[in-house]
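Asks: I'd like to ask some things about the structure below.
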There are 2 protein chains.
Amino acid sequence: MIPDELDTPAVMVDVDVLDRNIARMASAMQTRGVKLRPHAKTHKTLEIGARQLAAGAAGLTVATIGEAETFAAGGVTDLFIAYPLWVDARKARRLRLLSETAAVRVGVDSVDAVVEMGRNLGTGVLDISVLIEVDSGHHRSGTMPDNAVNIARAAADAGLAVAGIFTFPGHSYAPGMPEQALQDEDGALAEASSRLLADGFDVQELSGGSTPTSLLGGGSMATELRPGVYVLGDAQQYELQRCALKDIALTIAATVVSRSGPVRGRGRRVVVDSGSKILGSDRAAWATGYGRLPDEPEARIVALSEHHATIEWPDGAALPAYGSRLRVIPNHVCLTMNLADRVSVVRNGSVEDEWEVAARGRNS
Amino acid sequence: MIPDELDTPAVMVDVDVLDRNIARMASAMQTRGVKLRPHAKTHKTLEIGARQLAAGAAGLTVATIGEAETFAAGGVTDLFIAYPLWVDARKARRLRLLSETAAVRVGVDSVDAVVEMGRNLGTGVLDISVLIEVDSGHHRSGTMPDNAVNIARAAADAGLAVAGIFTFPGHSYAPGMPEQALQDEDGALAEASSRLLADGFDVQELSGGSTPTSLLGGGSMATELRPGVYVLGDAQQYELQRCALKDIALTIAATVVSRSGPVRGRGRRVVVDSGSKILGSDRAAWATGYGRLPDEPEARIVALSEHHATIEWPDGAALPAYGSRLRVIPNHVCLTMNLADRVSVVRNGSVEDEWEVAARGRNS
């Protein structure tokens, strides 16, 4: 299952599973008549973005100007930075350059931000427009829906084109919450857009979506959706019942380096060499551990340090020998990709390519 | 305080604070007559390792062969891989190459591992020896102290030179625990070494230490200590009262991008652009949040996503304006350095250099 030539720990992407995930989401969105703009912060990889676009994606979503620069350099011409950017003079210079090769949309969630952005971007022929972020219940960034029109007016005053509204229903990341989050997304988009329309704005885009909500289907008034994680899958999506183990394209190849036989009463533990520096250390309150083992689903990763994952092995299952190679699924794949300089592309158990994680670390 | 030319988020290292930390630890170890072998997994940076060696460090500690390769290529000639490596044929090839330019010590914690390592390294003139890891109470890897002699015998049978014993008292990372952890370290080293000595082994090295225990001083029987985090400091060490805010050399420059005025009852929150992809997402059960703000010590980072840190601002303190630039201290600096390709080196508020994090991502 783990190609022999790989030294551990190593990040493996099963390209058949990846392509199946890309096709499934593309087809679902096409059936519903909704544009798909996958969030590329999940993979940060030109080859995966190209596959998403080839399957019909309308463009890519990114979180930072740095990610946008990477994908634009790779030939992507339609990019939405779905983040409430503070466009000071430094970021304005970069946005202007970016707009020379790509149509760029930028998130805003305050009057202050559009005033600053308008002043620093200046006037001239720039293919840059803004989407106003509204809070649909995640309570992170985003203005309240009834305030969106004030930001739209300020944007127009600042000389910025208003393309529409966006929201991230991030409270979908909890057991039993995706349906509620989808309803909240709809409500927030509806209220904000009706106020903008009443005020004379042409609301072209209502952008929503997250991996947990995007495949629920039905009822959404969004014109485009921005799921990210679906393309690779991870332990969070599995534990939220948003994907099966067989849908998870990214796994870490790891080796059993220690067994905790010595500690009395903890004889069913093994330690593998995939720690927080390759898996990432996100752990939601509802997670069963720091990741999962696809080939031993009842095992639990009970502790994680930089280079050690401590696994409680299920009763009755044979404890793996020292040196055994195991696959580990990270909790949150966006962090895993951001830790890897490159990933091994695997098909039918053999390495067929290596992809650079080109936008890794592009935080600004 | 934040140099004007830096775009945010950005990793800043204050070189005066760094040098003070290096000098303080070097001086304390010299006074006690204990060798200092700083753990370079914290910084992964050739320039910082060189400063530690110039201040008298006996060599560097690393966690992986990849880190060792990076520092050896940078001219370091004495390296201890303080990890229970499983030296299969792939890793044996790399260790042999490494031993051509550096004296290499490797951790082991099982008979199986020394048998595998002996078989794959083969015989010949290699400057490689092993240190046996014992568990002093952290209960991660390491054998029980009374079993170390069995591993030493197996190592000798496998043709491996046994240099001594090592332990990591990682249970020092909790409030009130450093003193106990130091006692446990001493006890484990004492028991393991007395058994090896009784069995005729020449125990040259008793290697211990962690940042929380290393400066406690007194009583330790260790011949060398391996603290890592002390060189940069972080919010964990501050909250464990192991350093003051002024001792923290690494901070993240961040910008206020959103304020949660819109959410009723949460009007004292701001969002900055330093999320888990630059800070890392470690959060111990006893931590006050996802990091600290040195210039607003009562503020709490209550939520963290990939590019958003949500900060609860203290009552009575003026809420920072949109676009304000703030400094953030990460919880666990080893993860922060492993996320950065390079860091800005700051002195007296000006950027004077940029260092590459050369061993970033070298997990295998």
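Convention: chains lettered A, B, ... in structure tokens order; per-chain residue numbering from 1; ligands numbered from 1 as shown.
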If DSSP is run on the backbone, what residues of stretch 144-197 of chain A are alpha helix (DSSP H)? A reply as a PyMOL selection string would be ideal.
Replies: chain A and resi 148-157+178-197
Asks: Neighbouring residues of B:Ile128 were defined as those with any atom within 9 Å, considering only C-alpha atoms; residues of the same chain fewer than 4 positions away were excluded. Please report them as number ranges by chain.
Replies: B: 95-96, 99, 102-106, 160-161
Asks: Write to file, as a compact mmCIF listing (two decimals), in the first residue's frame, the residues of the selection just made, with N, CA and C atoms.
Replies:
```txt
# COMPACT_ATOMS: atom_id res chain seq x y z
N LEU B 95 22.50 7.73 6.75
CA LEU B 95 23.35 7.85 7.94
C LEU B 95 24.82 7.64 7.59
N ARG B 96 25.08 6.68 6.72
CA ARG B 96 26.48 6.42 6.32
C ARG B 96 27.07 7.66 5.66
N SER B 99 27.76 10.35 8.20
CA SER B 99 28.91 10.08 9.08
C SER B 99 30.24 10.39 8.40
N ALA B 102 30.34 14.19 9.76
CA ALA B 102 30.02 14.56 11.14
C ALA B 102 30.07 13.34 12.05
N ALA B 103 30.41 13.59 13.32
CA ALA B 103 30.23 12.55 14.33
C ALA B 103 28.74 12.51 14.64
N VAL B 104 28.16 11.30 14.52
CA VAL B 104 26.71 11.19 14.62
C VAL B 104 26.33 10.25 15.76
N ARG B 105 25.45 10.72 16.61
CA ARG B 105 24.84 9.87 17.62
C ARG B 105 23.37 9.70 17.27
N VAL B 106 22.86 8.50 17.51
CA VAL B 106 21.49 8.18 17.14
C VAL B 106 20.79 7.57 18.34
N LEU B 160 27.29 -2.04 17.34
CA LEU B 160 27.09 -0.59 17.49
C LEU B 160 27.76 -0.11 18.78
N ALA B 161 28.41 1.04 18.71
CA ALA B 161 29.03 1.63 19.89
C ALA B 161 27.96 2.30 20.75
```
Asks: Which residues of chain A have any atom within 8 Å of an atom in chain B when counting only C-alpha atoms, and what is the closest pair of atoms for each, with the distance in Å to one decimal? Order the rows by chain and rising number and write it as a tab-separated table.
Replies:
```
residue	atom	partner	partner_atom	distance
A:Asp7	CA	B:Arg90	CA	6.6
A:Thr8	CA	B:Ser364	CA	5.6
A:Pro9	CA	B:Ser364	CA	5.5
A:Ala10	CA	B:Ser364	CA	7.5
A:Ala63	CA	B:His307	CA	7.5
A:Pro84	CA	B:Val257	CA	6.2
A:Leu85	CA	B:Val257	CA	6.3
A:Trp86	CA	B:Val257	CA	5.6
A:Asp88	CA	B:Gly323	CA	7.9
A:Arg90	CA	B:Asp7	CA	6.6
A:Lys91	CA	B:Asp7	CA	7.6
A:Asp109	CA	B:Ser258	CA	7.0
A:Ser110	CA	B:Ser258	CA	7.4
A:Asp112	CA	B:Tyr322	CA	6.8
A:Ala113	CA	B:Tyr322	CA	7.4
A:His139	CA	B:Val263	CA	6.8
A:Arg140	CA	B:Thr310	CA	7.1
A:Ser141	CA	B:Ser258	CA	5.9
A:Gly142	CA	B:Ser258	CA	7.6
A:Thr143	CA	B:Pro262	CA	5.7
A:Met144	CA	B:Pro262	CA	5.4
A:Thr255	CA	B:Trp86	CA	7.7
A:Val256	CA	B:Trp86	CA	7.8
A:Val257	CA	B:Trp86	CA	5.6
A:Ser258	CA	B:Ser141	CA	6.0
A:Arg259	CA	B:Ser141	CA	7.3
A:Ser260	CA	B:Ser141	CA	6.8
A:Pro262	CA	B:Met144	CA	5.4
A:Val263	CA	B:His139	CA	6.8
A:Val271	CA	B:Ser141	CA	7.1
A:Ser276	CA	B:Leu335	CA	7.9
A:Lys277	CA	B:Leu335	CA	6.7
A:Ile278	CA	B:Asn363	CA	7.0
A:Gly280	CA	B:Ser281	CA	7.5
A:Ser281	CA	B:Ser281	CA	5.7
A:Asp282	CA	B:Ser281	CA	5.9
A:Glu306	CA	B:Leu335	CA	7.8
A:His307	CA	B:Ala63	CA	7.5
A:His308	CA	B:Arg140	CA	7.8
A:Thr310	CA	B:Arg140	CA	7.0
A:Tyr322	CA	B:Asp112	CA	6.7
A:Gly323	CA	B:Trp86	CA	6.2
A:Leu335	CA	B:Lys277	CA	6.7
A:Asn338	CA	B:Lys277	CA	7.0
A:Leu339	CA	B:Leu339	CA	6.4
A:Ala340	CA	B:Gly361	CA	6.4
A:Asp341	CA	B:Gly361	CA	7.0
A:Gly361	CA	B:Ala340	CA	6.4
A:Asn363	CA	B:Pro9	CA	6.5
A:Ser364	CA	B:Pro9	CA	5.5
```
Asks: Rounded to one decimal place, report the atom CA of B:Gly208-atom CA of B:Thr223 distance in Å.
Replies: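 Separation between atom CA of B:Gly208 and atom CA of B:Thr223: 8.0 Å.
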Asks: Running DSSP on the backbone, which parts of stretch 88-307 of chain B land in strand (DSSP E), as a short mmCIF file (atom, residue, chain, number, x, y, z; two decimals) with C-alpha atoms, in the first residue's frame?
Replies:
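Written output follows (result10.cif):
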```cif
data_model
loop_
_atom_site.label_atom_id
_atom_site.label_comp_id
_atom_site.auth_asym_id
_atom_site.auth_seq_id
_atom_site.Cartn_x
_atom_site.Cartn_y
_atom_site.Cartn_z
CA ALA B 103 30.23 12.55 14.33
CA VAL B 104 26.71 11.19 14.62
CA ARG B 105 24.84 9.87 17.62
CA VAL B 106 21.49 8.18 17.14
CA GLY B 107 18.75 7.38 19.65
CA VAL B 108 17.37 3.85 20.09
CA ILE B 128 28.09 6.54 14.51
CA SER B 129 27.18 5.59 18.06
CA VAL B 130 23.90 5.09 19.88
CA LEU B 131 22.33 6.56 22.98
CA ILE B 132 19.58 4.55 24.62
CA GLU B 133 16.41 6.48 25.28
CA ALA B 161 29.03 1.63 19.89
CA VAL B 162 27.00 2.58 22.95
CA ALA B 163 27.74 6.18 24.00
CA GLY B 164 25.28 6.42 26.87
CA ILE B 165 21.72 7.21 27.87
CA PHE B 166 19.28 9.97 27.04
CA GLU B 205 27.05 10.52 28.16
CA LEU B 206 23.94 11.09 30.25
CA SER B 207 21.88 13.44 28.14
CA GLY B 208 18.78 15.15 29.45
CA GLU B 224 24.78 17.30 28.73
CA LEU B 225 21.46 19.11 28.30
CA LEU B 250 10.30 35.67 17.92
CA THR B 251 7.07 37.50 17.22
CA ILE B 252 4.66 37.63 14.31
CA ALA B 253 3.80 40.98 12.75
CA ALA B 254 0.05 40.97 12.14
CA THR B 255 -2.63 43.41 10.94
CA VAL B 256 -6.13 44.01 12.32
CA VAL B 257 -8.35 43.00 9.38
CA SER B 258 -11.74 42.73 11.09
CA ARG B 259 -13.54 43.66 14.29
CA ARG B 269 -13.03 41.28 19.59
CA VAL B 270 -10.61 41.96 16.77
CA VAL B 271 -9.34 39.62 14.06
CA VAL B 272 -5.72 39.69 12.87
CA ARG B 300 -6.62 36.51 24.76
CA ILE B 301 -6.52 34.73 21.39
CA VAL B 302 -9.78 32.83 21.72
CA ALA B 303 -10.06 31.28 18.25
CA LEU B 304 -7.68 30.43 15.45
#
```
Asks: Could you please determine the separation between atom CA of A:Ala155 and atom CA of A:Gly124 in Å, to one decimal place?
Replies: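 Taking atom CA of A:Ala155 and atom CA of A:Gly124, their separation equals 15.4 Å.
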